[in-house]
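Working notes, structure below.
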Amino acid sequence: VLASLAPQSRVIDITHGVTRHDVRAGAVALRSALSFMPPGVHLAVVDPAVGASAPDGIALRRAVAVRVATEERLLVGPDNGLLMLAAERLGGIVEAVDIGLSPHRLEPVSATFHGRDIFAPVAAALARDESLADAGEPLDAAELVTLTLPQPSREGDALIAHAVTIDRFGNVMLNADHDTIAAFGLKLGEPVTLDIAGTPFRARYARAFGEVPTGELLVYEDSHRQLAIAVNRGSAAARLGLRRDGRLRLLRAS
Amino acid sequence: VLASLAPQSRVIDITHGVTRHDVRAGAVALRSALSFMPPGVHLAVVDPAVGASAPDGIALRRAVAVRVATEERLLVGPDNGLLMLAAERLGGIVEAVDIGLSPHRLEPVSATFHGRDIFAPVAAALARDESLADAGEPLDAAELVTLTLPQPSREGDALIAHAVTIDRFGNVMLNADHDTIAAFGLKLGEPVTLDIAGTPFRARYARAFGEVPTGELLVYEDSHRQLAIAVNRGSAAARLGLRRDGRLRLLRAS
Amino acid sequence: VLASLAPQSRVIDITHGVTRHDVRAGAVALRSALSFMPPGVHLAVVDPAVGASAPDGIALRRAVAVRVATEERLLVGPDNGLLMLAAERLGGIVEAVDIGLSPHRLEPVSATFHGRDIFAPVAAALARDESLADAGEPLDAAELVTLTLPQPSREGDALIAHAVTIDRFGNVMLNADHDTIAAFGLKLGEPVTLDIAGTPFRARYARAFGEVPTGELLVYEDSHRQLAIAVNRGSAAARLGLRRDGRLRLLRAS
């Protein structure tokens, strides 16, 4: 559909590997990827498995297109929070439209394939430089569904963090970015204690898995500069019994 | 090979997700996708697992390229029916050539990788606007291997349909298109009975999975406007004990 | 990153299907693919799972870019042997640079995502025709890590070969290319004996799986003209108890 309606545009797939229905993992992936992507129109679709979903899991939710503040970028996708972490990173939303009845949509719009029938033709029109205002009905950005991640905090000597995403290897990404890590002042090689519901685990703040013995825990800054926990050749999530949104206290080991 | 031999052409992957050896699923996917693809040369390869196959399952079958009636589209692939549903949708075949010994082929032609050695270089030549007639030996289109899907029919008050494809979630696509559904006159929300070999199952004609309770059957029009059966968060194929080509009677519930 | 920094370049994915950490399989795939690829800059990344690895398995190894002799091709990747089979096929390396501190790299360079932070920006710069010499520090090609495959040999009437790679179907690729096979003089249809650690197995030299009964062994020349062993609808690796680097003697059956 993109090639048919915006034949001059280059199409770049960021990923088709987001776990089905995992809106948060999609939102994190989109935020991370956009830092490295050329400006343009960014289309994303992940829909949750909700009660009122259409046959393939598409919620009966708004379809939207938005413009962000800091760059000439437009985001197109479902109004379920998927676009919001990227939008926030890019300075927030300065213009939003509801594209559910967009004049660009393909008719008949199927109940189950908005990617093809709504998102792609609208993204193609925007890529052809048609105006955002003409792509749908104006929306107040404040009405959009937000996506809230748990926030890190300090509690005495401890950094309180939460598991944001867990990958298929059991590596756990925490809600602490480079600045938070820097402010907490961890030093490479330093031992730390991870306290999970009162149970302490010893780990080491390292740059690389191989800096700790096989089977041992490490805390590290991942390639998106987020604090993460891993086990060298093992699963940190399994070791720690940590699920998404699970809370932990990180302390310098004495 | 395409990039080497037709460097000016854009290459669009439709799917690499067709189940190995499932020619029919490939033919259905190709037919569905072409409605949304720009005109051009369409290359498809799916080969059945047959006795006389080459090492990776390629049958000892003809390789062909064909021109269809309604648009400036050319199809390239094995003569095993894979191209035929798309060709039929596009008005039928008006010109066909056997490309097994095409002057465009890469030599030596391997026994097992016709995609690389025959189909791709021929598709590239056609994309460079070389003539179809020069790509191989002329063939009578009537000699091509056909692909026959079961046809729906009426039997009194019942619509007789068959399972055409079953996806990995157990959703069942039937051989009844939008016009057949419209002629049968189902109304959204209406209860229906699916009679499979004498066993009745209650379902609802719905637009979306969430319109029926978790675990219940629904009948719906899928994104390609074909009648389909699903279970909300379950497998319709498992529930109904339905396999490919399985026959069912669909009745308005009284 | 490539689209941002080399927007005029076409990006072609060869494969994302190499088994994690399998440097040899990546090297074989790269060598095979380059024969069919347009000239250009070829970026490859496969890192072994080694003790001193970074969080996602990246070894603390050099990052390099090299020019090969026979064509205007540049290879970019880790200095762990991955590039070496392709380089050898292309006439050997005539210029090499260490790109670990390349002026083109993205800073901060993450410990775990050299594909994004080193390899891609360097490949993009080379694709923009920036010079190889300016991409890093000069290296003596003789210092690069080599990748040695076992070599076939003759032992009386037998061809001694080794399993180079085993695919997910259990097909075994041997270290014997077309010329070796031709010199050994096998004829299509001929019965052969595979002697593995003293245990003989009967097979047939065939062009296609279907030329032997279901469940029987065949020896064939694969689509990259390497000798390979398969079982028609079965696993040759399992049948023969053969692992990577496993040695076998191939004899004409009397």
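Residue numbering restarts at 1 in every chain; chains get A, B, ... in the order shown in the structure tokens, and ligands count up from 1 in that same order.
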Select all residues from chain C having any atom no more than 7 Å from an atom of chain B (counting only C-alpha atoms, ignoring ligands), output as a tab-separated table (two decimals) with N, CA, C and O atoms, in the first residue's frame.
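Wrote result33.tsv, looks like this:
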```tsv
chain	number	residue	atom	x	y	z
C	36	PHE	N	26.60	-13.46	-5.83
C	36	PHE	CA	25.39	-13.04	-6.53
C	36	PHE	C	25.00	-11.60	-6.21
C	36	PHE	O	23.98	-11.12	-6.69
C	37	MET	N	25.81	-10.92	-5.41
C	37	MET	CA	25.47	-9.56	-4.98
C	37	MET	C	26.13	-8.53	-5.88
C	37	MET	O	27.24	-8.74	-6.36
C	38	PRO	N	25.48	-7.39	-6.06
C	38	PRO	CA	26.15	-6.30	-6.76
C	38	PRO	C	27.38	-5.85	-5.96
C	38	PRO	O	27.43	-6.03	-4.74
C	207	ARG	N	20.86	-36.20	-7.92
C	207	ARG	CA	20.67	-34.78	-8.19
C	207	ARG	C	19.56	-34.24	-7.30
C	207	ARG	O	19.54	-33.05	-6.98
C	208	ALA	N	18.64	-35.13	-6.89
C	208	ALA	CA	17.43	-34.68	-6.21
C	208	ALA	C	17.04	-35.69	-5.14
C	208	ALA	O	17.22	-36.90	-5.30
C	209	PHE	N	16.48	-35.16	-4.05
C	209	PHE	CA	16.04	-36.01	-2.94
C	209	PHE	C	15.16	-37.16	-3.42
C	209	PHE	O	15.29	-38.30	-2.98
C	210	GLY	N	14.23	-36.83	-4.33
C	210	GLY	CA	13.24	-37.80	-4.74
C	210	GLY	C	13.81	-38.94	-5.55
C	210	GLY	O	13.11	-39.90	-5.87
C	211	GLU	N	15.10	-38.85	-5.89
C	211	GLU	CA	15.73	-39.94	-6.63
C	211	GLU	C	16.10	-41.11	-5.72
C	211	GLU	O	16.56	-42.14	-6.20
C	223	SER	N	23.19	-26.10	-3.90
C	223	SER	CA	23.02	-24.96	-4.80
C	223	SER	C	24.24	-24.04	-4.81
C	223	SER	O	24.33	-23.16	-5.65
```
I need the residues in region 115-195 of chain B that are strand (DSSP E) according to DSSP; give them as a VMD selection string. chain B and resid 137 to 139 153 to 155 158 to 166 172 to 177 191 to 195
Write the residues of the preceding selection, restricted to N, CA, C and O atoms, as an mmCIF file, in the first residue's frame.
```cif
data_model
loop_
_atom_site.group_PDB
_atom_site.id
_atom_site.type_symbol
_atom_site.label_atom_id
_atom_site.label_comp_id
_atom_site.auth_asym_id
_atom_site.auth_seq_id
_atom_site.Cartn_x
_atom_site.Cartn_y
_atom_site.Cartn_z
ATOM 1 N N GLU B 137 10.086 -20.330 -24.044
ATOM 2 C CA GLU B 137 9.369 -20.971 -25.139
ATOM 3 C C GLU B 137 7.868 -20.763 -24.959
ATOM 4 O O GLU B 137 7.354 -20.970 -23.860
ATOM 5 N N PRO B 138 7.140 -20.402 -26.027
ATOM 6 C CA PRO B 138 5.704 -20.160 -25.873
ATOM 7 C C PRO B 138 4.970 -21.407 -25.383
ATOM 8 O O PRO B 138 5.309 -22.530 -25.745
ATOM 9 N N LEU B 139 3.971 -21.155 -24.562
ATOM 10 C CA LEU B 139 3.165 -22.219 -23.973
ATOM 11 C C LEU B 139 1.703 -21.883 -24.195
ATOM 12 O O LEU B 139 1.319 -20.712 -24.145
ATOM 13 N N SER B 153 -21.749 -23.489 -2.084
ATOM 14 C CA SER B 153 -23.020 -23.716 -2.780
ATOM 15 C C SER B 153 -24.162 -23.533 -1.778
ATOM 16 O O SER B 153 -23.936 -23.399 -0.578
ATOM 17 N N ARG B 154 -25.392 -23.527 -2.295
ATOM 18 C CA ARG B 154 -26.566 -23.464 -1.432
ATOM 19 C C ARG B 154 -27.220 -24.831 -1.390
ATOM 20 O O ARG B 154 -27.251 -25.548 -2.392
ATOM 21 N N GLU B 155 -27.734 -25.203 -0.242
ATOM 22 C CA GLU B 155 -28.456 -26.466 -0.105
ATOM 23 C C GLU B 155 -29.648 -26.153 0.786
ATOM 24 O O GLU B 155 -29.527 -26.141 2.008
ATOM 25 N N ALA B 158 -29.225 -23.724 3.728
ATOM 26 C CA ALA B 158 -27.835 -23.752 4.202
ATOM 27 C C ALA B 158 -26.857 -23.274 3.135
ATOM 28 O O ALA B 158 -27.076 -23.463 1.936
ATOM 29 N N LEU B 159 -25.792 -22.650 3.621
ATOM 30 C CA LEU B 159 -24.643 -22.345 2.770
ATOM 31 C C LEU B 159 -23.604 -23.446 3.018
ATOM 32 O O LEU B 159 -23.206 -23.688 4.162
ATOM 33 N N ILE B 160 -23.230 -24.131 1.945
ATOM 34 C CA ILE B 160 -22.214 -25.185 2.067
ATOM 35 C C ILE B 160 -20.860 -24.556 1.776
ATOM 36 O O ILE B 160 -20.660 -23.982 0.700
ATOM 37 N N ALA B 161 -19.955 -24.633 2.725
ATOM 38 C CA ALA B 161 -18.635 -24.023 2.536
ATOM 39 C C ALA B 161 -17.557 -24.998 2.982
ATOM 40 O O ALA B 161 -17.843 -26.038 3.583
ATOM 41 N N HIS B 162 -16.317 -24.652 2.640
ATOM 42 C CA HIS B 162 -15.187 -25.526 2.956
ATOM 43 C C HIS B 162 -14.043 -24.704 3.526
ATOM 44 O O HIS B 162 -13.898 -23.521 3.192
ATOM 45 N N ALA B 163 -13.230 -25.342 4.330
ATOM 46 C CA ALA B 163 -12.049 -24.683 4.900
ATOM 47 C C ALA B 163 -10.964 -24.585 3.824
ATOM 48 O O ALA B 163 -10.496 -25.601 3.328
ATOM 49 N N VAL B 164 -10.595 -23.368 3.455
ATOM 50 C CA VAL B 164 -9.583 -23.179 2.412
ATOM 51 C C VAL B 164 -8.188 -23.129 3.027
ATOM 52 O O VAL B 164 -7.278 -23.818 2.589
ATOM 53 N N THR B 165 -8.028 -22.290 4.025
ATOM 54 C CA THR B 165 -6.751 -22.255 4.740
ATOM 55 C C THR B 165 -7.039 -22.112 6.229
ATOM 56 O O THR B 165 -8.085 -21.607 6.631
ATOM 57 N N ILE B 166 -6.098 -22.572 7.038
ATOM 58 C CA ILE B 166 -6.195 -22.468 8.491
ATOM 59 C C ILE B 166 -4.910 -21.824 8.960
ATOM 60 O O ILE B 166 -3.819 -22.308 8.641
ATOM 61 N N VAL B 172 -10.123 -20.158 10.631
ATOM 62 C CA VAL B 172 -10.397 -20.918 9.415
ATOM 63 C C VAL B 172 -10.969 -19.992 8.346
ATOM 64 O O VAL B 172 -12.008 -19.371 8.546
ATOM 65 N N MET B 173 -10.281 -19.889 7.206
ATOM 66 C CA MET B 173 -10.817 -19.116 6.097
ATOM 67 C C MET B 173 -11.641 -20.025 5.206
ATOM 68 O O MET B 173 -11.180 -21.097 4.812
ATOM 69 N N LEU B 174 -12.866 -19.610 4.905
ATOM 70 C CA LEU B 174 -13.768 -20.418 4.086
ATOM 71 C C LEU B 174 -13.768 -19.938 2.638
ATOM 72 O O LEU B 174 -13.339 -18.822 2.332
ATOM 73 N N ASN B 175 -14.300 -20.786 1.775
ATOM 74 C CA ASN B 175 -14.409 -20.444 0.350
ATOM 75 C C ASN B 175 -15.703 -19.694 0.068
ATOM 76 O O ASN B 175 -16.495 -20.116 -0.775
ATOM 77 N N ALA B 176 -15.908 -18.598 0.777
ATOM 78 C CA ALA B 176 -17.091 -17.782 0.509
ATOM 79 C C ALA B 176 -16.655 -16.337 0.564
ATOM 80 O O ALA B 176 -16.157 -15.878 1.590
ATOM 81 N N ASP B 177 -16.783 -15.634 -0.553
ATOM 82 C CA ASP B 177 -16.334 -14.257 -0.593
ATOM 83 C C ASP B 177 -17.470 -13.293 -0.221
ATOM 84 O O ASP B 177 -18.575 -13.715 0.125
ATOM 85 N N PRO B 191 -27.285 -15.023 15.334
ATOM 86 C CA PRO B 191 -26.742 -16.335 15.665
ATOM 87 C C PRO B 191 -26.807 -17.259 14.450
ATOM 88 O O PRO B 191 -27.748 -17.174 13.654
ATOM 89 N N VAL B 192 -25.815 -18.100 14.316
ATOM 90 C CA VAL B 192 -25.788 -19.070 13.221
ATOM 91 C C VAL B 192 -25.430 -20.441 13.778
ATOM 92 O O VAL B 192 -24.900 -20.563 14.884
ATOM 93 N N THR B 193 -25.745 -21.459 13.006
ATOM 94 C CA THR B 193 -25.349 -22.822 13.362
ATOM 95 C C THR B 193 -24.362 -23.323 12.319
ATOM 96 O O THR B 193 -24.595 -23.176 11.117
ATOM 97 N N LEU B 194 -23.256 -23.881 12.787
ATOM 98 C CA LEU B 194 -22.288 -24.520 11.905
ATOM 99 C C LEU B 194 -22.468 -26.022 12.080
ATOM 100 O O LEU B 194 -22.281 -26.548 13.177
ATOM 101 N N ASP B 195 -22.848 -26.697 11.014
ATOM 102 C CA ASP B 195 -23.083 -28.133 11.081
ATOM 103 C C ASP B 195 -21.915 -28.840 10.392
ATOM 104 O O ASP B 195 -21.696 -28.678 9.187
#
```
Exercise: Ser102 (chain C) partners within 10 Å, only C-alpha atoms, chain neighbours under 4 positions left out, as a PyMOL selection string: chain C and resi 63-64+97-98+106+118-119+121-122+134-137
Output file for the selection above: N, CA and C atoms, as a compact mmCIF listing (two decimals), in the first residue's frame:
```txt
# COMPACT_ATOMS: atom_id res chain seq x y z
N ALA C 63 37.34 -4.26 15.40
CA ALA C 63 36.40 -4.00 14.32
C ALA C 63 37.21 -3.55 13.12
N VAL C 64 36.90 -4.11 11.95
CA VAL C 64 37.76 -3.84 10.79
C VAL C 64 36.95 -3.54 9.53
N VAL C 97 41.85 -1.72 7.66
CA VAL C 97 41.97 -0.71 8.72
C VAL C 97 41.19 -1.17 9.95
N ASP C 98 41.70 -0.76 11.10
CA ASP C 98 41.02 -0.99 12.38
C ASP C 98 40.07 0.19 12.59
N LEU C 106 29.63 6.39 15.79
CA LEU C 106 28.64 7.16 16.57
C LEU C 106 29.07 7.15 18.03
N ILE C 118 29.44 1.35 15.26
CA ILE C 118 30.72 1.33 14.54
C ILE C 118 30.53 0.84 13.10
N PHE C 119 30.01 -0.38 12.95
CA PHE C 119 29.98 -0.98 11.62
C PHE C 119 29.09 -0.19 10.65
N PRO C 121 27.90 3.07 10.71
CA PRO C 121 28.36 4.40 10.25
C PRO C 121 29.62 4.32 9.39
N VAL C 122 30.50 3.36 9.65
CA VAL C 122 31.67 3.22 8.79
C VAL C 122 31.25 2.73 7.41
N ASP C 134 40.86 6.67 5.48
CA ASP C 134 40.39 7.64 6.47
C ASP C 134 39.39 7.04 7.46
N ALA C 135 38.99 5.79 7.24
CA ALA C 135 37.97 5.19 8.09
C ALA C 135 38.55 4.60 9.38
N GLY C 136 39.89 4.47 9.46
CA GLY C 136 40.47 3.91 10.68
C GLY C 136 41.98 3.89 10.60
N GLU C 137 42.56 3.09 11.47
CA GLU C 137 44.02 2.97 11.53
C GLU C 137 44.48 1.82 10.66
```
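Selecting helix (DSSP H, G or I) from the backbone DSSP output for region 133-180 of chain B yields Ala133, Asp134, Ala135, Ala141, Ala142, Glu143, His178, Asp179 and Thr180 of chain B.
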Could you write out the selected residues, including C-alpha atoms, as a short mmCIF file (atom, residue, chain, number, x, y, z; two decimals), in the first residue's frame?
```cif
data_model
loop_
_atom_site.label_atom_id
_atom_site.label_comp_id
_atom_site.auth_asym_id
_atom_site.auth_seq_id
_atom_site.Cartn_x
_atom_site.Cartn_y
_atom_site.Cartn_z
CA ALA B 133 8.23 -13.76 -25.71
CA ASP B 134 12.02 -13.66 -25.54
CA ALA B 135 12.11 -15.00 -21.97
CA ALA B 141 -2.07 -21.19 -21.17
CA ALA B 142 -4.54 -24.07 -21.17
CA GLU B 143 -1.65 -26.44 -20.47
CA HIS B 178 -18.09 -10.99 0.14
CA ASP B 179 -20.66 -11.44 -2.63
CA THR B 180 -21.54 -14.95 -1.46
#
```
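Atom pair CA of Ala27 (chain C) / CA of Leu82 (chain C): separated by 4.7 Å.
The gap separating CA of Ala6 (chain C) from CA of Arg31 (chain A) is 21.9 Å, in Å to one decimal.
In this model, the gap between CA of Ala44 (chain C) and CA of Ile14 (chain C) comes to 9.3 Å.
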Which of these residues is nearest to Ala29 (chain A), using only C-alpha atoms: A:His224, A:Val66, A:Pro48, A:Val94? A:His224
